[in-house]
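Text of the file entry.txt, holding compact mmCIF, C-alpha atoms:
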```txt
# COMPACT_ATOMS: atom_id res chain seq x y z
CA MET Z 1016 84.86 80.98 83.34
CA GLY Z 1017 86.09 78.81 86.26
CA VAL Z 1018 88.74 79.56 88.84
CA LEU Z 1019 92.21 80.11 87.40
CA LYS Z 1020 94.90 78.14 89.23
CA VAL Z 1021 98.23 79.94 89.45
CA LEU Z 1022 101.52 78.66 90.86
CA ILE Z 1023 103.64 81.51 92.26
CA ILE Z 1024 107.31 80.69 92.80
CA THR Z 1025 108.93 83.04 95.28
CA TYR Z 1026 111.88 82.90 97.66
CA TYR Z 1027 110.74 85.67 100.00
CA TRP Z 1028 107.70 84.82 102.10
CA PRO Z 1029 106.79 85.37 105.75
CA PRO Z 1030 108.54 85.25 108.14
CA ALA Z 1031 110.96 86.96 105.75
CA GLY Z 1032 111.20 90.66 106.48
CA GLY Z 1033 112.20 93.55 104.25
CA PRO Z 1034 110.68 94.84 101.00
CA GLY Z 1035 111.07 91.67 98.90
CA VAL Z 1036 108.21 89.88 100.62
CA GLN Z 1037 105.51 92.53 100.37
CA ARG Z 1038 104.63 92.44 96.65
CA TRP Z 1039 103.46 88.83 96.37
CA LEU Z 1040 102.19 88.59 99.92
CA LYS Z 1041 99.68 91.30 98.99
CA PHE Z 1042 98.90 89.97 95.50
CA VAL Z 1043 98.12 86.58 97.05
CA LYS Z 1044 95.89 88.29 99.62
CA TYR Z 1045 93.60 89.75 96.93
CA LEU Z 1046 93.84 87.29 94.00
CA PRO Z 1047 91.04 84.99 95.25
CA SER Z 1048 88.56 87.89 95.11
CA PHE Z 1049 89.25 88.10 91.36
CA GLY Z 1050 88.73 84.41 90.62
CA VAL Z 1051 92.35 83.27 90.94
CA GLN Z 1052 93.47 80.46 93.25
CA PRO Z 1053 97.10 81.03 94.34
CA HIS Z 1054 99.44 78.11 95.00
CA VAL Z 1055 102.67 79.51 96.48
CA TYR Z 1056 105.94 77.56 96.21
CA ILE Z 1057 108.50 78.59 98.85
CA PRO Z 1058 111.67 77.13 100.42
CA GLU Z 1059 111.19 75.07 103.57
CA ASN Z 1060 114.59 76.06 105.00
CA PRO Z 1061 115.43 79.58 103.76
CA THR Z 1062 118.21 81.80 105.07
CA TYR Z 1063 116.58 85.21 105.29
CA PRO Z 1064 118.78 88.21 106.16
CA LEU Z 1065 115.78 89.81 107.89
CA THR Z 1066 112.74 88.26 109.56
CA ASP Z 1067 109.42 89.70 110.69
CA GLU Z 1068 107.18 87.20 112.47
CA GLY Z 1069 104.32 89.71 112.39
CA LEU Z 1070 103.91 89.21 108.64
CA LEU Z 1071 102.79 85.61 109.16
CA ALA Z 1072 99.41 86.97 110.24
CA GLU Z 1073 98.99 88.58 106.80
CA VAL Z 1074 99.25 85.34 104.82
CA SER Z 1075 95.93 84.68 103.11
CA PRO Z 1076 94.11 81.60 104.48
CA GLU Z 1077 93.13 80.86 100.88
CA ALA Z 1078 96.75 80.53 99.77
CA ILE Z 1079 97.90 76.94 99.19
CA LEU Z 1080 101.52 76.82 100.37
CA VAL Z 1081 103.90 74.31 98.81
CA LYS Z 1082 107.31 73.87 100.46
CA LYS Z 1083 110.50 72.04 99.57
CA ARG Z 1084 113.92 72.01 101.21
CA ILE Z 1085 116.68 73.76 99.30
CA THR Z 1086 120.46 73.80 99.30
CA GLU Z 1087 121.29 77.18 100.79
CA PRO Z 1088 124.90 78.38 100.26
CA TYR Z 1089 124.38 81.42 102.49
CA ALA Z 1090 123.89 78.97 105.36
CA TRP Z 1091 127.34 77.52 104.62
CA ALA Z 1092 128.92 80.96 104.29
CA SER Z 1093 127.54 82.10 107.63
CA VAL Z 1094 129.72 79.46 109.31
CA PHE Z 1095 132.77 81.49 108.26
CA SER Z 1096 131.34 84.98 108.71
CA LYS Z 1097 127.74 85.44 109.79
CA GLY Z 1098 127.95 89.24 109.73
CA ASN Z 1099 129.40 89.51 106.21
CA THR Z 1100 126.99 86.88 104.89
CA LYS Z 1101 123.99 88.75 106.27
CA LYS Z 1102 125.15 92.06 104.80
CA ILE Z 1103 125.95 90.70 101.34
CA SER Z 1104 122.68 88.75 101.14
CA SER Z 1105 120.90 92.01 102.09
CA GLY Z 1106 122.62 93.89 99.25
CA ILE Z 1107 124.90 95.89 101.56
CA ILE Z 1108 128.25 95.66 99.76
CA PRO Z 1109 131.25 97.32 101.46
CA ASP Z 1110 133.11 100.08 99.66
CA LYS Z 1111 135.59 98.50 97.21
CA LYS Z 1112 138.57 100.30 98.78
CA LYS Z 1113 137.64 99.12 102.28
CA GLN Z 1114 136.78 95.46 101.57
CA SER Z 1115 138.61 92.85 103.60
CA ALA Z 1116 140.16 89.85 101.84
CA LEU Z 1117 137.29 87.68 103.10
CA GLN Z 1118 134.63 90.13 101.86
CA SER Z 1119 136.32 90.33 98.46
CA LEU Z 1120 136.48 86.53 98.22
CA MET Z 1121 132.83 86.14 99.22
CA LEU Z 1122 131.74 88.61 96.55
CA TRP Z 1123 133.82 86.82 93.90
CA VAL Z 1124 132.36 83.44 94.86
CA ARG Z 1125 128.83 84.87 94.88
CA GLY Z 1126 129.29 86.46 91.44
CA ASN Z 1127 131.22 83.75 89.60
CA LEU Z 1128 130.35 80.38 91.12
CA PHE Z 1129 126.63 80.93 91.75
CA ILE Z 1130 125.07 82.21 88.52
CA PRO Z 1131 122.70 83.97 88.55
CA ASP Z 1132 122.69 83.88 92.36
CA ALA Z 1133 123.12 81.71 95.45
CA ARG Z 1134 119.72 80.01 95.02
CA VAL Z 1135 120.67 78.36 91.72
CA LEU Z 1136 120.99 74.97 93.47
CA TRP Z 1137 117.22 75.09 94.02
CA VAL Z 1138 116.49 75.06 90.28
CA LYS Z 1139 116.82 71.42 89.14
CA PRO Z 1140 115.08 69.74 92.10
CA SER Z 1141 112.29 72.31 91.94
CA VAL Z 1142 111.67 71.76 88.23
CA HIS Z 1143 111.42 67.99 88.80
CA PHE Z 1144 109.11 68.39 91.81
CA LEU Z 1145 106.87 71.09 90.35
CA ALA Z 1146 106.39 69.42 86.97
CA ASP Z 1147 104.50 66.66 88.81
CA TYR Z 1148 102.71 69.14 91.06
CA ILE Z 1149 101.45 71.14 88.06
CA GLN Z 1150 100.02 68.01 86.45
CA GLN Z 1151 98.42 66.75 89.67
CA HIS Z 1152 96.75 70.08 90.49
CA ASP Z 1153 95.81 71.26 86.98
CA ILE Z 1154 97.84 74.47 87.27
CA ASP Z 1155 97.11 76.89 84.42
CA THR Z 1156 99.84 79.51 84.87
CA VAL Z 1157 103.23 79.75 86.57
CA ILE Z 1158 104.64 83.04 87.88
CA THR Z 1159 108.27 83.41 88.91
CA THR Z 1160 109.38 86.49 90.80
CA GLY Z 1161 112.94 87.69 91.23
CA PRO Z 1162 115.34 88.50 92.59
CA PRO Z 1163 116.65 85.96 93.23
CA HIS Z 1164 116.60 85.48 89.46
CA SER Z 1165 117.36 81.76 89.81
CA LEU Z 1166 113.63 81.39 90.27
CA HIS Z 1167 113.13 82.44 86.66
CA LEU Z 1168 115.26 79.45 85.67
CA ILE Z 1169 112.72 77.24 87.45
CA GLY Z 1170 110.06 78.81 85.26
CA LEU Z 1171 112.23 78.25 82.19
CA GLY Z 1172 112.57 74.56 83.05
CA LEU Z 1173 108.86 74.15 83.71
CA LYS Z 1174 107.95 75.87 80.44
CA GLN Z 1175 109.97 73.22 78.62
CA LYS Z 1176 108.37 70.31 80.51
CA ALA Z 1177 104.72 71.32 81.01
CA ALA Z 1178 101.89 72.86 79.01
CA ILE Z 1179 101.64 76.03 81.07
CA LYS Z 1180 101.60 79.77 80.60
CA TRP Z 1181 104.61 81.40 82.23
CA ILE Z 1182 104.87 84.98 83.50
CA THR Z 1183 108.13 86.41 84.85
CA ASP Z 1184 107.96 89.17 87.45
CA PHE Z 1185 111.02 91.39 87.86
CA ARG Z 1186 110.84 93.30 91.13
CA ASP Z 1187 114.31 94.58 90.21
CA PRO Z 1188 116.26 94.37 86.94
CA TRP Z 1189 118.76 91.54 86.39
CA THR Z 1190 122.02 92.60 84.74
CA THR Z 1191 121.51 96.35 85.17
CA ILE Z 1192 120.81 96.36 88.91
CA GLY Z 1193 123.19 98.65 90.81
CA TYR Z 1194 125.11 95.98 92.75
CA HIS Z 1195 125.66 93.73 89.70
CA LYS Z 1196 128.93 95.51 88.86
CA GLU Z 1197 130.21 94.97 92.39
CA LEU Z 1198 130.19 91.16 92.14
CA LYS Z 1199 133.68 90.94 90.56
CA LEU Z 1200 132.29 89.11 87.53
CA SER Z 1201 134.63 87.43 85.09
CA LYS Z 1202 133.93 87.95 81.39
CA TYR Z 1203 132.49 84.42 81.28
CA ALA Z 1204 130.19 85.08 84.25
CA ALA Z 1205 128.99 88.42 82.88
CA ASN Z 1206 128.16 86.84 79.52
CA LYS Z 1207 126.36 83.92 81.18
CA HIS Z 1208 124.16 86.34 83.12
CA LYS Z 1209 123.20 88.10 79.90
CA THR Z 1210 122.55 84.81 78.11
CA LEU Z 1211 120.28 83.54 80.88
CA GLU Z 1212 118.48 86.88 81.06
CA SER Z 1213 117.83 86.76 77.30
CA ARG Z 1214 116.55 83.17 77.44
CA VAL Z 1215 114.11 84.03 80.22
CA LEU Z 1216 112.85 87.19 78.54
CA ASN Z 1217 112.35 85.47 75.19
CA THR Z 1218 110.77 82.24 76.48
CA ALA Z 1219 108.22 83.62 78.94
CA ASP Z 1220 104.70 84.26 77.66
CA ALA Z 1221 104.53 87.64 79.39
CA ILE Z 1222 106.77 89.82 81.53
CA LEU Z 1223 105.90 91.93 84.54
CA VAL Z 1224 108.06 94.83 85.73
CA THR Z 1225 107.67 97.46 88.42
CA SER Z 1226 108.77 100.57 86.51
CA PRO Z 1227 108.50 102.18 83.05
CA THR Z 1228 112.29 102.38 82.67
CA THR Z 1229 112.72 98.62 83.19
CA ARG Z 1230 109.99 98.03 80.61
CA LYS Z 1231 111.85 100.25 78.13
CA GLU Z 1232 115.15 98.42 78.79
CA PHE Z 1233 113.57 94.98 78.35
CA MET Z 1234 111.80 96.04 75.14
CA GLU Z 1235 115.25 96.21 73.56
CA LEU Z 1236 115.89 92.57 74.52
CA THR Z 1237 112.58 90.88 73.66
CA ASP Z 1238 109.37 91.29 71.70
CA LYS Z 1239 107.30 89.51 74.37
CA PRO Z 1240 104.54 91.62 76.00
CA ILE Z 1241 105.76 93.61 79.01
CA SER Z 1242 103.39 95.12 81.56
CA VAL Z 1243 104.14 97.61 84.33
CA ILE Z 1244 102.45 96.90 87.65
CA THR Z 1245 104.14 98.92 90.35
CA ASN Z 1246 104.25 98.10 94.01
CA GLY Z 1247 101.64 99.80 96.14
CA TYR Z 1248 100.08 100.34 99.54
CA ASP Z 1249 97.59 98.27 101.48
CA ASN Z 1250 94.70 99.63 103.50
CA GLU Z 1251 96.26 98.73 106.83
CA VAL Z 1252 94.58 99.54 110.11
CA VAL Z 1253 97.09 101.75 111.92
CA VAL Z 1254 96.46 103.25 115.32
CA LYS Z 1255 96.62 107.03 115.00
CA GLN Z 1256 100.15 108.08 115.85
CA PRO Z 1257 101.10 111.29 117.65
CA LEU Z 1258 103.62 113.27 115.64
CA ASP Z 1259 107.16 113.50 116.96
CA ASP Z 1260 107.77 116.64 118.99
CA LYS Z 1261 111.09 117.14 117.23
CA PHE Z 1262 111.52 117.99 113.54
CA THR Z 1263 112.31 114.39 112.57
CA LEU Z 1264 113.61 113.33 109.17
CA ALA Z 1265 113.16 109.56 108.92
CA HIS Z 1266 114.79 107.14 106.51
CA ILE Z 1267 113.14 103.72 106.66
CA GLY Z 1268 114.77 100.72 105.02
CA SER Z 1269 118.27 99.63 104.03
CA PHE Z 1270 120.73 102.51 103.69
CA LEU Z 1271 123.23 100.98 101.26
CA SER Z 1272 126.84 102.14 100.89
CA GLU Z 1273 126.24 103.83 97.54
CA ARG Z 1274 122.88 105.23 98.60
CA ASN Z 1275 124.78 107.87 100.55
CA PRO Z 1276 123.43 111.40 99.89
CA LYS Z 1277 126.38 113.54 100.94
CA VAL Z 1278 124.52 116.52 99.47
CA LEU Z 1279 121.82 115.99 102.11
CA TRP Z 1280 124.34 115.77 104.94
CA GLN Z 1281 125.96 118.98 103.65
CA ALA Z 1282 122.61 120.75 103.50
CA LEU Z 1283 121.67 119.61 107.00
CA ALA Z 1284 125.06 120.63 108.41
CA GLU Z 1285 124.62 124.12 106.98
CA LEU Z 1286 121.09 124.43 108.34
CA VAL Z 1287 122.21 123.29 111.78
CA ASN Z 1288 125.08 125.79 111.79
CA ASP Z 1289 123.07 128.72 110.38
CA ASN Z 1290 119.76 128.27 112.19
CA PRO Z 1291 119.81 127.75 116.00
CA GLU Z 1292 116.08 126.92 116.05
CA PHE Z 1293 116.60 124.23 113.43
CA ALA Z 1294 119.56 122.84 115.41
CA GLU Z 1295 117.44 122.66 118.56
CA LYS Z 1296 114.53 120.80 116.97
CA PHE Z 1297 116.15 118.62 114.27
CA ARG Z 1298 116.55 114.82 114.61
CA LEU Z 1299 117.58 112.26 111.97
CA LYS Z 1300 115.89 108.86 112.40
CA LEU Z 1301 117.51 105.88 110.72
CA ILE Z 1302 115.31 102.78 110.72
CA GLY Z 1303 116.74 99.64 109.14
CA ALA Z 1304 120.21 98.37 108.23
CA VAL Z 1305 122.66 101.25 107.70
CA SER Z 1306 126.04 100.83 106.03
CA ARG Z 1307 129.22 101.96 107.75
CA GLU Z 1308 129.94 104.36 104.86
CA VAL Z 1309 126.68 106.22 105.46
CA LEU Z 1310 127.33 106.48 109.20
CA ASN Z 1311 130.86 107.72 108.54
CA SER Z 1312 129.56 110.45 106.22
CA ILE Z 1313 127.01 111.58 108.79
CA ALA Z 1314 129.79 111.80 111.37
CA TYR Z 1315 132.07 113.66 108.95
CA TYR Z 1316 129.49 116.44 108.59
CA GLY Z 1317 129.11 116.74 112.34
CA LEU Z 1318 125.60 115.31 112.57
CA ASN Z 1319 126.18 112.40 114.97
CA SER Z 1320 124.54 114.14 117.90
CA TYR Z 1321 121.30 114.49 115.92
CA VAL Z 1322 120.97 110.80 114.97
CA ASP Z 1323 118.56 108.23 116.38
CA ASN Z 1324 119.65 104.90 114.88
CA LEU Z 1325 116.78 102.50 115.63
CA GLY Z 1326 118.03 99.56 113.55
CA TYR Z 1327 115.70 97.03 111.92
CA VAL Z 1328 112.11 97.04 113.19
CA SER Z 1329 109.01 95.04 112.26
CA HIS Z 1330 106.86 96.14 109.34
CA ALA Z 1331 104.12 97.23 111.74
CA GLU Z 1332 106.59 99.38 113.69
CA ALA Z 1333 108.01 100.83 110.46
CA VAL Z 1334 104.52 101.92 109.39
CA ALA Z 1335 103.96 103.48 112.82
CA GLN Z 1336 107.26 105.35 112.55
CA GLN Z 1337 106.24 106.67 109.13
CA ARG Z 1338 103.08 108.17 110.60
CA LYS Z 1339 104.96 109.72 113.55
CA SER Z 1340 107.82 111.34 111.64
CA GLN Z 1341 107.67 114.91 110.39
CA VAL Z 1342 109.40 114.29 107.03
CA LEU Z 1343 110.16 111.02 105.20
CA LEU Z 1344 113.40 110.53 103.28
CA LEU Z 1345 113.50 108.51 100.05
CA ILE Z 1346 117.03 108.03 98.72
CA GLU Z 1347 118.20 106.20 95.61
CA ILE Z 1348 121.72 105.66 94.25
CA ASP Z 1349 122.86 108.41 91.88
CA ARG Z 1350 123.46 106.28 88.78
CA PRO Z 1351 121.66 106.06 85.43
CA GLU Z 1352 120.93 102.36 86.00
CA THR Z 1353 118.93 103.14 89.14
CA LYS Z 1354 116.39 105.34 87.34
CA CYS Z 1355 114.10 102.32 87.23
CA ILE Z 1356 114.11 101.70 90.97
CA ILE Z 1357 110.87 102.70 92.68
CA PRO Z 1358 111.36 101.72 96.34
CA GLY Z 1359 108.37 99.84 97.73
CA LYS Z 1360 108.29 102.08 100.78
CA LEU Z 1361 107.39 105.06 98.57
CA PHE Z 1362 103.80 103.85 98.39
CA GLU Z 1363 103.47 103.47 102.14
CA TYR Z 1364 105.08 106.89 102.51
CA MET Z 1365 102.43 108.35 100.20
CA VAL Z 1366 99.53 107.32 102.43
CA SER Z 1367 101.23 108.35 105.69
CA ASN Z 1368 100.11 111.98 105.35
CA ARG Z 1369 103.74 113.04 105.82
CA PRO Z 1370 105.70 114.99 103.18
CA ILE Z 1371 108.49 113.22 101.30
CA LEU Z 1372 111.94 114.50 100.41
CA ALA Z 1373 113.21 112.24 97.63
CA ILE Z 1374 116.75 112.36 96.24
CA GLY Z 1375 117.87 110.34 93.25
CA PRO Z 1376 119.25 110.27 89.70
CA GLU Z 1377 118.06 112.42 86.84
CA GLY Z 1378 115.06 110.88 85.07
CA ALA Z 1379 114.13 108.65 88.02
CA ASP Z 1380 110.75 106.95 87.69
CA MET Z 1381 110.01 107.65 91.35
CA ALA Z 1382 110.27 111.40 90.68
CA GLU Z 1383 107.23 111.29 88.41
CA ILE Z 1384 105.16 109.45 91.03
CA VAL Z 1385 106.10 111.90 93.80
CA LYS Z 1386 105.20 114.79 91.49
CA THR Z 1387 101.89 113.47 90.13
CA THR Z 1388 100.63 112.41 93.57
CA ASN Z 1389 101.70 115.73 95.14
CA THR Z 1390 103.29 113.88 98.04
CA GLY Z 1391 106.62 115.68 98.28
CA VAL Z 1392 109.66 117.08 96.51
CA PHE Z 1393 112.25 115.31 94.36
CA ALA Z 1394 115.80 116.65 94.08
CA LEU Z 1395 118.96 115.60 92.27
CA TYR Z 1396 122.26 114.99 94.02
CA THR Z 1397 123.49 118.26 92.50
CA GLU Z 1398 120.64 120.36 93.91
CA LYS Z 1399 121.85 121.24 97.39
CA GLN Z 1400 120.04 124.58 97.41
CA LYS Z 1401 116.75 122.95 96.43
CA ILE Z 1402 117.18 120.46 99.29
CA LYS Z 1403 117.93 123.29 101.74
CA ASP Z 1404 114.98 125.33 100.52
CA THR Z 1405 112.66 122.33 100.83
CA LEU Z 1406 113.81 121.54 104.36
CA THR Z 1407 113.53 125.20 105.32
CA GLN Z 1408 109.96 125.30 104.01
CA TYR Z 1409 109.06 122.05 105.80
CA PHE Z 1410 110.61 123.35 109.02
CA SER Z 1411 108.63 126.58 108.78
CA GLU Z 1412 105.38 124.61 108.37
CA TYR Z 1413 106.41 122.34 111.25
CA GLN Z 1414 106.84 125.40 113.48
CA LYS Z 1415 103.35 126.60 112.50
CA GLY Z 1416 101.83 123.16 113.07
CA THR Z 1417 100.69 122.88 109.45
CA LEU Z 1418 103.22 120.40 108.03
CA LYS Z 1419 101.55 117.56 106.11
CA SER Z 1420 101.28 116.24 102.58
CA HIS Z 1421 98.35 116.97 100.26
CA ALA Z 1422 98.20 113.78 98.22
CA ILE Z 1423 96.05 113.24 95.11
CA GLY Z 1424 95.24 110.17 93.00
CA LEU Z 1425 96.57 107.59 95.43
CA GLN Z 1426 93.79 105.05 94.76
CA HIS Z 1427 95.60 103.93 91.60
CA TYR Z 1428 98.36 102.47 93.79
CA SER Z 1429 96.20 100.49 96.23
CA ARG Z 1430 97.19 96.83 96.43
CA LYS Z 1431 93.66 95.71 95.58
CA ASN Z 1432 93.51 97.83 92.41
CA LEU Z 1433 96.96 96.60 91.37
CA THR Z 1434 95.90 92.98 91.96
CA GLU Z 1435 92.88 93.53 89.73
CA GLN Z 1436 95.29 94.59 86.96
CA LEU Z 1437 97.30 91.42 87.58
CA ALA Z 1438 94.19 89.22 87.47
CA LEU Z 1439 93.16 90.72 84.13
CA LEU Z 1440 96.64 90.03 82.77
CA LEU Z 1441 96.56 86.43 84.00
CA LYS Z 1442 93.27 85.81 82.24
CA SER Z 1443 94.44 87.37 78.99
CA VAL Z 1444 97.79 85.56 78.55
```
Please, can you express the file's structure as structure tokens?
Amino acid sequence: MGVLKVLIITYYWPPAGGPGVQRWLKFVKYLPSFGVQPHVYIPENPTYPLTDEGLLAEVSPEAILVKKRITEPYAWASVFSKGNTKKISSGIIPDKKKQSALQSLMLWVRGNLFIPDARVLWVKPSVHFLADYIQQHDIDTVITTGPPHSLHLIGLGLKQKAAIKWITDFRDPWTTIGYHKELKLSKYAANKHKTLESRVLNTADAILVTSPTTRKEFMELTDKPISVITNGYDNEVVVKQPLDDKFTLAHIGSFLSERNPKVLWQALAELVNDNPEFAEKFRLKLIGAVSREVLNSIAYYGLNSYVDNLGYVSHAEAVAQQRKSQVLLLIEIDRPETKCIIPGKLFEYMVSNRPILAIGPEGADMAEIVKTTNTGVFALYTEKQKIKDTLTQYFSEYQKGTLKSHAIGLQHYSRKNLTEQLALLLKSV
């Protein structure tokens, strides 16, 4: 069988930073070794909330990049409020009670005038352009990855115009994602989202998701085949990092308003007050964008003096910080609809040799991965004592110089193994 030509339509691509870029950057890196030639369609003039120039070096030389200019509403919005635009496009939505009139208006416009999202103006010109490109380059299969879910509408249009196989990849759910309810949707807008979601799910030839819970939810909406291919870790060359001298708890990535584990701050405040040795050694490292609500909660529990807020750093620096920290924090919003979220950083955490303290909703898919790989402890938002006991145990091992994780079965989550699964799927559709 000859080389399979695949067109991958993605918004996030280097120099975009953040988690959205990693999945397909790594798939594209390994697909050629499994007989798949990746053509990658990306915007020529994107407005990325985060950038990381270092990721440009990871783009496969075998990838054929196809670019086209897009109409980018976030670029218009930034004229009025650059800060609010950057936060909203990053998924950091201010607490409803504390939203300014401008923030409230921007959310309403985002939710009701740009359906399914602000990249919807890219759809029609892309369908017209790519229909010709597919014919000229004998493309066999098209893959659309979202969010932004507008990209699935490009796939929908191409499926109607060209004789191609179409696979949709959902890195996050569509209408059940946590922030969806915060977009001030009218009844019309909410129904249109569901209608578009249904059309995509029932027109695609196959569907990819990143978690078992999302697969279960989508199975109620379509009878099309749905495969789970999680995110994973790459075998990156990382200079050996000396561990922090302090007992550092590190959270790496966006700390959203509703991803605010007050139970953790309570537990830490009690440990600081009850254990002078813990108070002397403890530091909380925050790496990435942090919402004002999270910072206010940390201050409320008297933990400000223990915080090192490093802000956004490059991916390479984030990986280095993972290896240096004593304990890694993995936090997800405490809602039933977030059970399906498996943060991409979990997989990098798992190969860092550092223990994980994960906190999330009951039945979370990430809990099963943490458990089966023996990489840490998962606790619910109601389990303050379990969190305290875990931190106490980790601190005791830190004092003895024996604190580390004892991972098992990680090879299943390597990017190369996951890409092999993808290649097999592509050749079977």
So that each row is one residue of segment 1288-1378 of chain Z with an atom at most 8 Å from segment 1229-1248 of chain Z, can you give its shortest atom pair and the distance in Å to one decimal, using only C-alpha atoms, rows by chain and rising number, as a tab-separated table?
```
residue	atom	partner	partner_atom	distance
Z:Cys1355	CA	Z:Thr1229	CA	5.6
Z:Gly1359	CA	Z:Asn1246	CA	5.8
Z:Phe1362	CA	Z:Gly1247	CA	5.1
Z:Glu1363	CA	Z:Tyr1248	CA	5.3
Z:Val1366	CA	Z:Tyr1248	CA	7.6
```
Would you work out the distance separating atom CA of Thr1263 of chain Z from atom CA of Val1342 of chain Z, expressed in Å to one decimal? 6.3 Å
Take atom CA of Ile1346 of chain Z and atom CA of Ile1374 of chain Z and report the distance between them in Å, one decimal. 5.0 Å
Quick check, in Å to one decimal: how far apart do atom CA of Phe1297 of chain Z and atom CA of Lys1261 of chain Z lie? 6.0 Å
Gln1408 of chain Z surroundings by all atoms listed in the file, 10 Å radius, close-in-sequence under 6 positions cut, as a PyMOL selection string: chain Z and resi 1402+1414+1418
I need the residue nearest Glu1352 of chain Z from this list: Z:Ala1333, Z:Val1138, Z:Pro1188, Z:Leu1318. Use only C-alpha atoms for the distance. Z:Pro1188
Show which residues sit within 12 Å of Gly1416 of chain Z, as a VMD selection string. Count all atoms listed in the file, and ignore same-chain residues fewer than 5 positions away. chain Z and resid 1258 to 1262 1341 1409 to 1411
Could you take the residues named above and write them with C-alpha atoms, as a PDB file, in the coordinates of the input?
```pdb
ATOM      1  CA  LEU Z1258     103.620 113.270 115.640  1.00  0.00           C
ATOM      2  CA  ASP Z1259     107.160 113.500 116.960  1.00  0.00           C
ATOM      3  CA  ASP Z1260     107.770 116.640 118.990  1.00  0.00           C
ATOM      4  CA  LYS Z1261     111.090 117.140 117.230  1.00  0.00           C
ATOM      5  CA  PHE Z1262     111.520 117.990 113.540  1.00  0.00           C
ATOM      6  CA  GLN Z1341     107.670 114.910 110.390  1.00  0.00           C
ATOM      7  CA  TYR Z1409     109.060 122.050 105.800  1.00  0.00           C
ATOM      8  CA  PHE Z1410     110.610 123.350 109.020  1.00  0.00           C
ATOM      9  CA  SER Z1411     108.630 126.580 108.780  1.00  0.00           C
TER      10      SER Z1411
END
```
For Asp1067 of chain Z, please output as a CSV table (one decimal) with C-alpha atoms, in the frame of the given file all residues within 12 Å (counting all atoms listed in the file; exclusion window: fewer than 2 positions along the same chain).
```csv
chain,number,residue,atom,x,y,z
Z,1027,TYR,CA,110.7,85.7,100.0
Z,1028,TRP,CA,107.7,84.8,102.1
Z,1029,PRO,CA,106.8,85.4,105.8
Z,1030,PRO,CA,108.5,85.2,108.1
Z,1031,ALA,CA,111.0,87.0,105.8
Z,1032,GLY,CA,111.2,90.7,106.5
Z,1033,GLY,CA,112.2,93.6,104.2
Z,1034,PRO,CA,110.7,94.8,101.0
Z,1036,VAL,CA,108.2,89.9,100.6
Z,1037,GLN,CA,105.5,92.5,100.4
Z,1063,TYR,CA,116.6,85.2,105.3
Z,1064,PRO,CA,118.8,88.2,106.2
Z,1065,LEU,CA,115.8,89.8,107.9
Z,1069,GLY,CA,104.3,89.7,112.4
Z,1070,LEU,CA,103.9,89.2,108.6
Z,1071,LEU,CA,102.8,85.6,109.2
Z,1072,ALA,CA,99.4,87.0,110.2
Z,1073,GLU,CA,99.0,88.6,106.8
Z,1327,TYR,CA,115.7,97.0,111.9
Z,1328,VAL,CA,112.1,97.0,113.2
Z,1329,SER,CA,109.0,95.0,112.3
Z,1330,HIS,CA,106.9,96.1,109.3
Z,1331,ALA,CA,104.1,97.2,111.7
Z,1332,GLU,CA,106.6,99.4,113.7
Z,1333,ALA,CA,108.0,100.8,110.5
```
Work out where the centre of an axis-aligned box around every listed atom of segment 1221-1237 of chain Z lies and how long its edges are once 8 Å is added on each side; give both in Å to one decimal as JSON.
```
{"center_x": 110.2, "center_y": 95.0, "center_z": 81.0, "size_x": 27.4, "size_y": 30.7, "size_z": 30.9}
```
I'd like the neighbourhood of Pro1140 of chain Z as a list in words, where a residue qualifies if any of its atoms comes within 10 Å (using only C-alpha atoms), though same-chain residues fewer than 5 positions away should be ignored.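 Residues meeting the cut-off are Lys1083, Arg1084, Ile1085, Thr1086, Leu1145 and Ile1169 of chain Z.
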